[in-house]
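*Asks:* My structure is below; once you've seen it, I'll send some questions.
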Protein chains: 2
Amino acid sequence: MPEIRKDPVFGRWVIMASERGLRPNEFLAAGEEAGYACPFCPGNEELTPPTRYFLPGGDGAWRLRVVGNKYPALVPEGTTDSRGDGVYNRSDALGFHEVVIESPEHGGRLEQLPAEAVAEVLKTFALRVREMRKDKRIRHVLIFKNHGRNAGASLLHPHSQIIAMPLAPLRVTQEQDGAAAYHRERGSCVYCDILAAELAFRKRVVAENASFLVVAPYASCFSFELSILPKKHLSHFEDLPETEADALAEVLKAALGKLAASLPDLAYNLIVHTMPVQEPEAAHYHWHIEITPKLTRVAGFEWGTGFYINTVSPEEAAEILNSGGKYKV
Amino acid sequence: MPEIRKDPVFGRWVIMASERGLRPNEFLAAGEEAGYACPFCPGNEELTPPTRYFLPGGDGAWRLRVVGNKYPALVPEGTTDSRGDGVYNRSDALGFHEVVIESPEHGGRLEQLPAEAVAEVLKTFALRVREMRKDKRIRHVLIFKNHGRNAGASLLHPHSQIIAMPLAPLRVTQEQDGAAAYHRERGSCVYCDILAAELAFRKRVVAENASFLVVAPYASCFSFELSILPKKHLSHFEDLPETEADALAEVLKAALGKLAASLPDLAYNLIVHTMPVQEPEAAHYHWHIEITPKLTRVAGFEWGTGFYINTVSPEEAAEILNSGGKYKV
């Protein structure tokens with residue numbers, strides 16, 4: 001049974017999950033060998049935990065499938081109580097951990113799917129979060145995607161993950177606190193102000209439509225980092241109107257397509273930043289998506305300081321991505 | 001000229017340093033090829049910026065050398081003023097960036113040096129920090145070591161880095177705040193309390209002598225993470241009495257030696273956690289060293305939450321390291 005331990009100085013939580021050490025991360029290297037059975041391919045459904053949700057394809061097949069993670073970091077058992085342990089604290093690793101298999105196609109990439117299929121993936125994210133938030137023990141839900149081995153993916157077949165947690169994790173609290181402080185000081189939403197600044201400046205814009213803006217953020221921690229901002233203020237991603245999912249799919253395809261065109265062997269993490277699920281809609285917070293290509297490794301300096309070094313400015317990154325030029329790592 | 005930009009939500013600073021993109025990180029792959037000239041080897045001193053400090057070896061040679069980083073993240077020019085830029089903020093990337101070449105031997109590892117040579121490296125760290133803190137524009141100095149390509153090292157030859165910054169970075173502020181909150185609440189130093197708890201529990205202890213304790217921390221973010229704690233309360237690493245450097249060298253050699261014995265192709269980051277340099281000695285903060293082996297890659301979940309998943313508990317890690325067993329990644 002995994003447990004959660006709290007760092008007594010940073011207030012950071014760590015999930016101790018020995019079972020996850022058994023994950024088949026050799027699959028990526030061995031992925032294309034003869035006899036390899038991908039657990040996310042049609043026909044191999046018995047290799048994953050049971051289906052929790054799916055969209056039907058033709059002839060009894062599926063075109064999208066949601067399953068429990070076979071090696072969950074959090075499990076739907078236990079309580080949210082934290083127990084003191086001398087100077088330390090621990091609690092049950094209570095939560096949900098699901099995998100969204102984005103397509104039946106083993107070798108595809110998310111941005112290569114038709115816009116309607118990408119929109120279905122996004123609608124499924126929102127639907128699963130709305131389902132998870134019904135459990136009042138759940139405080140926050142993280143939607144994320146690791147693409148490529150350098151970004152921590154252990155399986156090739158295109159998929160995303162959803163993790164529901166019994167607490168708002170440190171980085172979410174920091175982001176909420178920062179946005180709330182800005183709102184108290186200036187009376188406006190920091191993300192709405194960023195939107196206005198980027199639409200005026202233009203040199204960091206990478207894609208845009210009527211509902212969304214994609215920019216290389218001013219203080220990008222990573223080279224070629226991108227941020228997708230909805231133009232309309234909304235705190236909770238899972239409350240996105242279904243009609244907006246198509247517009248989001250369009251800019252997401254454009255953003256990932258430009259990254260794939262300019263960066264060789266693109267590996268990236270995609271993270272949906274959103275409000276803790278039990279909180280009401282708020283004036284200070286605005287959901288958004290962060291895409292961080294993994295070109296270099298985070299080293300001692302970054303870990304020791306939380307201070308990042310980026311060797312490609314966001315203005316240079318936007319110029320390269322918009323020209324379709326290749327970047328030599 | 002590099003500049004520092006501030007993230008308007010997290011308050012996180014990013015150094016935009018295009019010049020560092022030119023670093024020879026192919027050196028590691030090409031390191032042993034014929035004709036390769038390691039800039040840190042004796043005889044190649046003209047390949048690095050000038051020597052800032054050295055310890056003489058026999059016959060006009062050196063046994064340790066400190067040089068400026070050829071691709072500095074921070075430069076000793078500019079002011080500490082932060083300038084508003086609409087919703088954003090930027091400032092000069094003012095500071096120092098030095099490299100400590102730990103030994104003339106190209107292929108050695110820090111823990112393989114004689115204890116006296118390791119003690120000299122540690123004394124050199126403290127000496128350089130005491131030199132840098134004379135510049136009152138400098139607020140914090142980070143001493144760190146990246147060993148191995150997976151930990152972000154770009155050169156094989158054993159070396160460490162020292163970066164002096166014009167501000168206390170986010171993670172340092174968080175650590176200071178966490179330790180100060182604990183001290184206000186309980187009236188004791190959290191690190192002194194951790195020392196007492198670990199000496200009583202013993203199952204996470206990996207090395208010890210009269211002055212230092214090495215433990216696998218209770219809430220380790222990474223598998224086989226280690227923490228070196230001085231038994232005597234002291235806020236500033238650079239104020240370590242010279243007589244204590246020998247004892248520190250002994251436990252550092254023991255800790256790195258056990259990691260190298262149990263983990264194949266060990267790559268790690270070593271970080272000295274210490275008080276911002278212009279602050280006085282304080283009851284709430286206690287310097288220490290963090291060693292984080294890099295066995296897996298940090299993926300979307302960790303970046304999105306600041307919430308870590310560890311598949312080897314610190315109790316298991318200590319048992320493996322103390323038995324000398326090999327760990328299969």
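Labels for the structure tokens follow display order: chains A, B, ..., residues from 1 in each chain, ligands from 1.
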As a compact mmCIF listing (two decimals) with C-alpha atoms, in the first residue's frame, please: chain B after a least-squares superposition onto chain A using all C-alpha atoms matched in order.

*Replies:*
```txt
# COMPACT_ATOMS: atom_id res chain seq x y z
CA MET B 1 -0.02 0.01 0.06
CA PRO B 2 1.51 3.34 -0.96
CA GLU B 3 1.70 6.07 1.70
CA ILE B 4 2.22 9.83 1.55
CA ARG B 5 4.98 11.40 3.63
CA LYS B 6 5.42 15.09 4.35
CA ASP B 7 8.78 16.84 4.30
CA PRO B 8 8.98 18.71 7.63
CA VAL B 9 10.74 21.74 6.14
CA PHE B 10 9.32 22.30 2.65
CA GLY B 11 5.84 20.94 3.39
CA ARG B 12 6.34 18.93 0.18
CA TRP B 13 4.53 15.58 -0.07
CA VAL B 14 6.13 12.42 -1.42
CA ILE B 15 4.26 9.28 -2.44
CA MET B 16 6.18 6.16 -1.35
CA ALA B 17 5.00 3.61 -3.91
CA SER B 18 7.26 0.56 -4.09
CA GLU B 19 4.89 -1.23 -6.48
CA ARG B 20 5.51 1.39 -9.16
CA GLY B 21 9.15 0.27 -9.28
CA LEU B 22 7.83 -2.80 -11.13
CA ARG B 23 6.57 -0.73 -14.08
CA PRO B 24 7.60 -2.10 -17.47
CA ASN B 25 9.77 0.86 -18.45
CA GLU B 26 11.79 -1.44 -20.68
CA PHE B 27 8.75 -1.43 -22.97
CA LEU B 28 9.95 1.70 -24.64
CA ALA B 29 13.27 0.21 -25.67
CA ALA B 30 11.71 -3.13 -26.52
CA GLY B 31 8.55 -1.56 -27.91
CA GLU B 32 8.95 -2.63 -31.50
CA GLU B 33 10.38 -6.09 -30.96
CA ALA B 34 8.65 -9.12 -32.39
CA GLY B 35 6.19 -10.65 -29.95
CA TYR B 36 5.75 -7.46 -27.94
CA ALA B 37 2.14 -6.91 -26.86
CA CYS B 38 1.29 -3.26 -26.23
CA PRO B 39 -1.28 -3.16 -23.42
CA PHE B 40 -2.91 -0.09 -24.99
CA CYS B 41 -3.51 -1.66 -28.45
CA PRO B 42 -6.94 -3.04 -29.46
CA GLY B 43 -7.11 -6.79 -28.80
CA ASN B 44 -4.89 -6.55 -25.69
CA GLU B 45 -7.54 -5.08 -23.37
CA GLU B 46 -7.01 -7.92 -20.86
CA LEU B 47 -3.48 -6.55 -20.16
CA THR B 48 -4.87 -3.42 -18.46
CA PRO B 49 -7.26 -2.96 -15.52
CA PRO B 50 -10.94 -2.81 -16.59
CA THR B 51 -12.26 -0.06 -18.86
CA ARG B 52 -13.80 2.83 -16.92
CA TYR B 53 -15.00 4.81 -19.94
CA PHE B 54 -14.76 4.48 -23.72
CA LEU B 55 -15.95 5.92 -26.99
CA PRO B 56 -17.13 3.30 -29.47
CA GLY B 57 -15.49 2.90 -32.87
CA GLY B 58 -17.04 0.87 -35.68
CA ASP B 59 -17.66 -2.89 -35.44
CA GLY B 60 -17.55 -3.19 -31.64
CA ALA B 61 -14.12 -1.49 -31.50
CA TRP B 62 -13.24 1.61 -29.44
CA ARG B 63 -11.66 4.88 -30.55
CA LEU B 64 -10.69 6.11 -27.04
CA ARG B 65 -10.48 4.19 -23.77
CA VAL B 66 -9.96 5.14 -20.10
CA VAL B 67 -8.53 2.52 -17.70
CA GLY B 68 -7.13 2.48 -14.18
CA ASN B 69 -3.32 2.73 -14.05
CA LYS B 70 -1.89 -0.76 -13.53
CA TYR B 71 0.77 0.67 -11.17
CA PRO B 72 -1.21 3.40 -9.42
CA ALA B 73 0.59 6.10 -7.42
CA LEU B 74 -2.61 6.61 -5.40
CA VAL B 75 -5.37 4.12 -4.53
CA PRO B 76 -9.07 4.66 -3.71
CA GLU B 77 -8.77 3.42 -0.12
CA GLY B 78 -8.04 4.99 3.25
CA THR B 79 -8.75 8.35 4.83
CA THR B 80 -7.50 11.88 4.35
CA ASP B 81 -6.27 12.06 7.96
CA SER B 82 -2.62 12.98 8.46
CA ARG B 83 -0.90 11.18 11.34
CA GLY B 84 2.03 12.61 13.27
CA ASP B 85 5.13 10.43 13.47
CA GLY B 86 7.41 12.41 15.82
CA VAL B 87 8.91 15.25 13.79
CA TYR B 88 7.29 13.75 10.65
CA ASN B 89 3.79 13.29 9.16
CA ARG B 90 2.27 10.59 6.99
CA SER B 91 -1.12 9.80 5.50
CA ASP B 92 -2.83 7.28 3.24
CA ALA B 93 -2.07 7.60 -0.47
CA LEU B 94 -5.76 8.03 -1.24
CA GLY B 95 -6.85 8.95 -4.75
CA PHE B 96 -7.49 7.87 -8.33
CA HIS B 97 -4.96 7.24 -11.10
CA GLU B 98 -6.36 6.76 -14.62
CA VAL B 99 -4.87 6.44 -18.09
CA VAL B 100 -6.55 7.92 -21.19
CA ILE B 101 -5.61 5.87 -24.25
CA GLU B 102 -6.01 8.57 -26.85
CA SER B 103 -6.30 6.44 -29.98
CA PRO B 104 -6.28 2.78 -31.05
CA GLU B 105 -3.25 3.57 -33.28
CA HIS B 106 -0.01 2.42 -31.63
CA GLY B 107 2.45 4.64 -33.47
CA GLY B 108 0.50 7.89 -33.80
CA ARG B 109 1.05 11.15 -31.98
CA LEU B 110 -1.67 13.28 -30.41
CA GLU B 111 -1.21 16.17 -32.85
CA GLN B 112 -1.52 13.82 -35.82
CA LEU B 113 -5.06 12.78 -34.87
CA PRO B 114 -7.96 14.56 -36.63
CA ALA B 115 -9.11 17.71 -34.78
CA GLU B 116 -12.36 15.96 -33.75
CA ALA B 117 -10.41 13.11 -32.13
CA VAL B 118 -8.19 15.57 -30.21
CA ALA B 119 -11.35 17.39 -29.08
CA GLU B 120 -12.73 14.07 -27.82
CA VAL B 121 -9.58 13.49 -25.75
CA LEU B 122 -9.98 16.97 -24.19
CA LYS B 123 -13.71 16.41 -23.51
CA THR B 124 -12.85 13.06 -21.91
CA PHE B 125 -10.34 14.78 -19.58
CA ALA B 126 -13.05 17.21 -18.43
CA LEU B 127 -15.65 14.45 -18.05
CA ARG B 128 -13.39 12.27 -15.88
CA VAL B 129 -12.47 15.21 -13.64
CA ARG B 130 -16.16 16.09 -13.17
CA GLU B 131 -16.71 12.43 -12.19
CA MET B 132 -13.76 12.39 -9.73
CA ARG B 133 -14.71 15.65 -8.03
CA LYS B 134 -17.98 14.07 -6.86
CA ASP B 135 -15.82 12.31 -4.24
CA LYS B 136 -15.49 15.09 -1.66
CA ARG B 137 -12.25 13.58 -0.30
CA ILE B 138 -10.57 14.65 -3.57
CA ARG B 139 -9.04 18.13 -3.43
CA HIS B 140 -7.08 18.38 -6.67
CA VAL B 141 -6.94 16.58 -10.02
CA LEU B 142 -3.89 16.74 -12.28
CA ILE B 143 -4.22 15.99 -16.01
CA PHE B 144 -0.87 15.46 -17.71
CA LYS B 145 0.88 13.79 -20.61
CA ASN B 146 4.47 12.55 -20.84
CA HIS B 147 5.49 12.12 -24.47
CA GLY B 148 8.80 10.38 -25.22
CA ARG B 149 11.33 8.68 -23.02
CA ASN B 150 13.18 11.89 -22.10
CA ALA B 151 9.91 13.22 -20.68
CA GLY B 152 9.44 10.15 -18.48
CA ALA B 153 7.00 8.15 -20.65
CA SER B 154 7.24 4.39 -20.10
CA LEU B 155 4.97 3.37 -22.99
CA LEU B 156 4.99 4.51 -26.63
CA HIS B 157 1.28 4.20 -27.41
CA PRO B 158 -0.26 7.71 -27.16
CA HIS B 159 -1.82 8.23 -23.74
CA SER B 160 -2.36 10.79 -20.98
CA GLN B 161 -2.84 10.40 -17.23
CA ILE B 162 -5.26 11.77 -14.67
CA ILE B 163 -4.35 11.71 -10.95
CA ALA B 164 -6.86 12.76 -8.28
CA MET B 165 -5.30 13.70 -4.92
CA PRO B 166 -6.57 14.18 -1.36
CA LEU B 167 -4.71 17.49 -1.00
CA ALA B 168 -3.70 20.48 -3.09
CA PRO B 169 -0.02 19.85 -3.82
CA LEU B 170 2.70 22.40 -3.13
CA ARG B 171 3.09 23.78 -6.64
CA VAL B 172 -0.66 24.22 -7.03
CA THR B 173 -0.82 26.09 -3.72
CA GLN B 174 2.09 28.31 -4.78
CA GLU B 175 0.40 29.10 -8.09
CA GLN B 176 -2.91 29.85 -6.36
CA ASP B 177 -1.14 32.05 -3.78
CA GLY B 178 0.81 33.92 -6.47
CA ALA B 179 -2.30 34.58 -8.56
CA ALA B 180 -4.33 35.61 -5.48
CA ALA B 181 -1.59 38.03 -4.33
CA TYR B 182 -1.51 39.63 -7.80
CA HIS B 183 -5.30 39.97 -7.75
CA ARG B 184 -5.32 41.56 -4.29
CA GLU B 185 -2.61 44.03 -5.31
CA ARG B 186 -3.86 45.05 -8.76
CA GLY B 187 -7.51 44.01 -8.78
CA SER B 188 -7.10 42.03 -12.02
CA CYS B 189 -6.40 38.43 -13.07
CA VAL B 190 -2.69 37.96 -13.82
CA TYR B 191 -3.46 35.60 -16.71
CA CYS B 192 -5.92 38.09 -18.27
CA ASP B 193 -3.17 40.73 -17.99
CA ILE B 194 -0.63 38.36 -19.59
CA LEU B 195 -3.08 37.73 -22.47
CA ALA B 196 -3.43 41.46 -23.08
CA ALA B 197 0.35 42.02 -22.90
CA GLU B 198 1.12 39.16 -25.30
CA LEU B 199 -1.59 40.17 -27.80
CA ALA B 200 -0.06 43.66 -27.84
CA PHE B 201 3.59 42.50 -28.04
CA ARG B 202 2.96 39.63 -30.54
CA LYS B 203 6.63 38.47 -30.67
CA ARG B 204 6.02 35.51 -28.35
CA VAL B 205 2.76 34.35 -30.05
CA VAL B 206 2.97 30.90 -31.66
CA ALA B 207 -0.72 30.16 -32.46
CA GLU B 208 -4.11 31.78 -31.98
CA ASN B 209 -7.79 31.48 -32.75
CA ALA B 210 -10.96 33.19 -31.49
CA SER B 211 -10.88 31.37 -28.12
CA PHE B 212 -7.22 30.57 -27.33
CA LEU B 213 -3.72 32.05 -27.48
CA VAL B 214 -0.48 30.02 -27.55
CA VAL B 215 2.63 31.89 -26.36
CA ALA B 216 6.24 31.20 -25.43
CA PRO B 217 6.05 32.54 -21.84
CA TYR B 218 8.13 35.61 -20.87
CA ALA B 219 9.92 33.76 -18.03
CA SER B 220 10.09 30.31 -19.69
CA CYS B 221 12.00 27.88 -17.47
CA PHE B 222 12.69 25.59 -20.43
CA SER B 223 13.70 26.26 -24.03
CA PHE B 224 10.64 26.17 -26.36
CA GLU B 225 8.20 26.05 -23.45
CA LEU B 226 4.65 26.97 -24.55
CA SER B 227 1.56 28.12 -22.70
CA ILE B 228 -2.03 27.80 -24.01
CA LEU B 229 -4.29 30.46 -22.49
CA PRO B 230 -8.08 30.57 -22.93
CA LYS B 231 -9.10 34.12 -23.91
CA LYS B 232 -12.17 33.94 -21.68
CA HIS B 233 -11.57 33.89 -17.92
CA LEU B 234 -12.49 30.53 -16.33
CA SER B 235 -10.94 28.91 -13.24
CA HIS B 236 -11.78 25.25 -13.81
CA PHE B 237 -10.67 23.38 -16.94
CA GLU B 238 -13.35 20.75 -16.35
CA ASP B 239 -16.06 23.41 -16.74
CA LEU B 240 -14.90 24.22 -20.29
CA PRO B 241 -17.98 24.42 -22.54
CA GLU B 242 -18.05 21.50 -25.00
CA THR B 243 -18.16 23.98 -27.88
CA GLU B 244 -14.76 25.34 -26.82
CA ALA B 245 -13.08 21.94 -26.95
CA ASP B 246 -12.91 22.13 -30.76
CA ALA B 247 -11.12 25.47 -30.62
CA LEU B 248 -8.71 24.11 -27.99
CA ALA B 249 -8.00 21.03 -30.12
CA GLU B 250 -7.13 23.32 -33.03
CA VAL B 251 -4.48 25.34 -31.14
CA LEU B 252 -3.12 22.26 -29.35
CA LYS B 253 -2.55 20.53 -32.71
CA ALA B 254 -0.90 23.71 -34.03
CA ALA B 255 1.37 24.08 -30.96
CA LEU B 256 2.51 20.42 -30.87
CA GLY B 257 2.83 20.38 -34.66
CA LYS B 258 5.19 23.38 -34.63
CA LEU B 259 7.28 21.86 -31.82
CA ALA B 260 7.54 18.53 -33.68
CA ALA B 261 8.57 20.33 -36.89
CA SER B 262 11.37 22.32 -35.24
CA LEU B 263 12.69 19.93 -32.58
CA PRO B 264 14.17 16.52 -33.42
CA ASP B 265 12.76 13.52 -31.47
CA LEU B 266 10.47 15.81 -29.52
CA ALA B 267 9.83 14.71 -25.92
CA TYR B 268 7.57 16.89 -23.79
CA ASN B 269 5.38 17.12 -20.71
CA LEU B 270 1.92 18.64 -21.03
CA ILE B 271 0.21 19.80 -17.85
CA VAL B 272 -3.27 21.23 -17.36
CA HIS B 273 -3.10 23.90 -14.65
CA THR B 274 -6.50 24.27 -13.03
CA MET B 275 -8.25 25.21 -9.78
CA PRO B 276 -8.52 22.64 -6.95
CA VAL B 277 -11.79 20.85 -7.75
CA GLN B 278 -13.82 21.64 -4.62
CA GLU B 279 -13.17 25.40 -4.92
CA PRO B 280 -15.73 27.70 -6.55
CA GLU B 281 -15.08 29.71 -9.72
CA ALA B 282 -12.67 32.54 -8.76
CA ALA B 283 -11.70 35.95 -10.15
CA HIS B 284 -7.96 35.44 -9.48
CA TYR B 285 -7.35 32.11 -11.24
CA HIS B 286 -7.50 31.18 -14.92
CA TRP B 287 -6.88 27.62 -16.13
CA HIS B 288 -4.20 27.06 -18.80
CA ILE B 289 -2.00 24.39 -20.37
CA GLU B 290 1.80 24.26 -20.05
CA ILE B 291 3.90 22.34 -22.60
CA THR B 292 7.57 21.85 -21.68
CA PRO B 293 9.86 20.19 -24.23
CA LYS B 294 12.67 18.20 -22.59
CA LEU B 295 15.85 19.18 -24.44
CA THR B 296 18.26 19.30 -21.51
CA ARG B 297 18.32 17.72 -18.09
CA VAL B 298 17.47 19.58 -14.94
CA ALA B 299 20.69 19.61 -12.90
CA GLY B 300 21.87 20.52 -9.42
CA PHE B 301 21.53 24.26 -9.82
CA GLU B 302 17.83 24.17 -10.71
CA TRP B 303 16.99 21.63 -8.01
CA GLY B 304 18.99 23.52 -5.39
CA THR B 305 17.49 26.92 -6.11
CA GLY B 306 14.22 26.64 -8.04
CA PHE B 307 16.07 29.12 -10.28
CA TYR B 308 16.15 28.06 -13.94
CA ILE B 309 18.66 28.68 -16.72
CA ASN B 310 17.23 28.84 -20.24
CA THR B 311 19.49 29.08 -23.26
CA VAL B 312 16.77 29.98 -25.82
CA SER B 313 14.77 33.13 -25.07
CA PRO B 314 11.00 32.88 -25.69
CA GLU B 315 11.30 35.51 -28.45
CA GLU B 316 13.90 33.34 -30.24
CA ALA B 317 11.80 30.21 -29.64
CA ALA B 318 8.68 31.81 -31.16
CA GLU B 319 10.66 33.00 -34.17
CA ILE B 320 12.10 29.52 -34.81
CA LEU B 321 8.73 27.78 -34.34
CA ASN B 322 6.89 30.25 -36.57
CA SER B 323 9.47 30.03 -39.35
CA GLY B 324 9.38 26.21 -39.26
CA GLY B 325 13.18 26.18 -38.86
CA LYS B 326 14.93 23.15 -37.38
CA TYR B 327 16.63 23.66 -34.02
CA LYS B 328 19.88 21.79 -33.46
CA VAL B 329 20.07 20.58 -29.84
```

*Asks:* Hey, what does DSSP flag as alpha helix (DSSP H) within range 163-303 of chain A? Can you give it to me as a VMD selection string?

*Replies:* chain A and resid 170 to 186 190 to 201 242 to 262 300 to 303

*Asks:* How would the residues just picked look written out with C-alpha atoms as a PDB file, in the first residue's frame?

*Replies:*
```
ATOM      1  CA  LEU A 170       2.686  22.417  -3.128  1.00  0.00           C
ATOM      2  CA  ARG A 171       3.076  23.789  -6.644  1.00  0.00           C
ATOM      3  CA  VAL A 172      -0.679  24.224  -7.030  1.00  0.00           C
ATOM      4  CA  THR A 173      -0.836  26.084  -3.715  1.00  0.00           C
ATOM      5  CA  GLN A 174       2.075  28.303  -4.776  1.00  0.00           C
ATOM      6  CA  GLU A 175       0.389  29.112  -8.082  1.00  0.00           C
ATOM      7  CA  GLN A 176      -2.918  29.859  -6.348  1.00  0.00           C
ATOM      8  CA  ASP A 177      -1.160  32.050  -3.770  1.00  0.00           C
ATOM      9  CA  GLY A 178       0.794  33.947  -6.450  1.00  0.00           C
ATOM     10  CA  ALA A 179      -2.309  34.591  -8.553  1.00  0.00           C
ATOM     11  CA  ALA A 180      -4.344  35.611  -5.474  1.00  0.00           C
ATOM     12  CA  ALA A 181      -1.600  38.035  -4.320  1.00  0.00           C
ATOM     13  CA  TYR A 182      -1.519  39.643  -7.788  1.00  0.00           C
ATOM     14  CA  HIS A 183      -5.302  39.976  -7.761  1.00  0.00           C
ATOM     15  CA  ARG A 184      -5.313  41.576  -4.277  1.00  0.00           C
ATOM     16  CA  GLU A 185      -2.611  44.042  -5.322  1.00  0.00           C
ATOM     17  CA  ARG A 186      -3.856  45.051  -8.762  1.00  0.00           C
ATOM     18  CA  VAL A 190      -2.687  37.955 -13.811  1.00  0.00           C
ATOM     19  CA  TYR A 191      -3.471  35.612 -16.712  1.00  0.00           C
ATOM     20  CA  CYS A 192      -5.926  38.091 -18.268  1.00  0.00           C
ATOM     21  CA  ASP A 193      -3.178  40.740 -17.996  1.00  0.00           C
ATOM     22  CA  ILE A 194      -0.639  38.362 -19.600  1.00  0.00           C
ATOM     23  CA  LEU A 195      -3.094  37.738 -22.469  1.00  0.00           C
ATOM     24  CA  ALA A 196      -3.436  41.471 -23.091  1.00  0.00           C
ATOM     25  CA  ALA A 197       0.348  42.028 -22.903  1.00  0.00           C
ATOM     26  CA  GLU A 198       1.117  39.161 -25.310  1.00  0.00           C
ATOM     27  CA  LEU A 199      -1.585  40.178 -27.796  1.00  0.00           C
ATOM     28  CA  ALA A 200      -0.063  43.680 -27.853  1.00  0.00           C
ATOM     29  CA  PHE A 201       3.591  42.516 -28.050  1.00  0.00           C
ATOM     30  CA  GLU A 242     -18.046  21.508 -25.005  1.00  0.00           C
ATOM     31  CA  THR A 243     -18.144  23.978 -27.887  1.00  0.00           C
ATOM     32  CA  GLU A 244     -14.741  25.344 -26.818  1.00  0.00           C
ATOM     33  CA  ALA A 245     -13.078  21.917 -26.945  1.00  0.00           C
ATOM     34  CA  ASP A 246     -12.899  22.122 -30.750  1.00  0.00           C
ATOM     35  CA  ALA A 247     -11.101  25.468 -30.627  1.00  0.00           C
ATOM     36  CA  LEU A 248      -8.699  24.111 -27.984  1.00  0.00           C
ATOM     37  CA  ALA A 249      -7.998  21.036 -30.119  1.00  0.00           C
ATOM     38  CA  GLU A 250      -7.122  23.321 -33.026  1.00  0.00           C
ATOM     39  CA  VAL A 251      -4.482  25.341 -31.142  1.00  0.00           C
ATOM     40  CA  LEU A 252      -3.124  22.267 -29.352  1.00  0.00           C
ATOM     41  CA  LYS A 253      -2.562  20.535 -32.707  1.00  0.00           C
ATOM     42  CA  ALA A 254      -0.889  23.706 -34.023  1.00  0.00           C
ATOM     43  CA  ALA A 255       1.375  24.065 -30.961  1.00  0.00           C
ATOM     44  CA  LEU A 256       2.501  20.425 -30.866  1.00  0.00           C
ATOM     45  CA  GLY A 257       2.845  20.387 -34.670  1.00  0.00           C
ATOM     46  CA  LYS A 258       5.201  23.375 -34.627  1.00  0.00           C
ATOM     47  CA  LEU A 259       7.277  21.848 -31.808  1.00  0.00           C
ATOM     48  CA  ALA A 260       7.546  18.532 -33.666  1.00  0.00           C
ATOM     49  CA  ALA A 261       8.588  20.329 -36.874  1.00  0.00           C
ATOM     50  CA  SER A 262      11.388  22.324 -35.215  1.00  0.00           C
ATOM     51  CA  GLY A 300      21.868  20.516  -9.423  1.00  0.00           C
ATOM     52  CA  PHE A 301      21.527  24.243  -9.830  1.00  0.00           C
ATOM     53  CA  GLU A 302      17.843  24.150 -10.723  1.00  0.00           C
ATOM     54  CA  TRP A 303      16.990  21.620  -8.023  1.00  0.00           C
TER      55      TRP A 303
END
```

*Asks:* DSSP on the backbone: what in range 25-249 of chain A comes out strand (DSSP E), as a VMD selection string?

*Replies:* chain A and resid 51 to 56 62 to 68 82 to 85 88 to 92 96 to 101 140 to 147 159 to 165 205 to 208 212 to 215 226 to 230
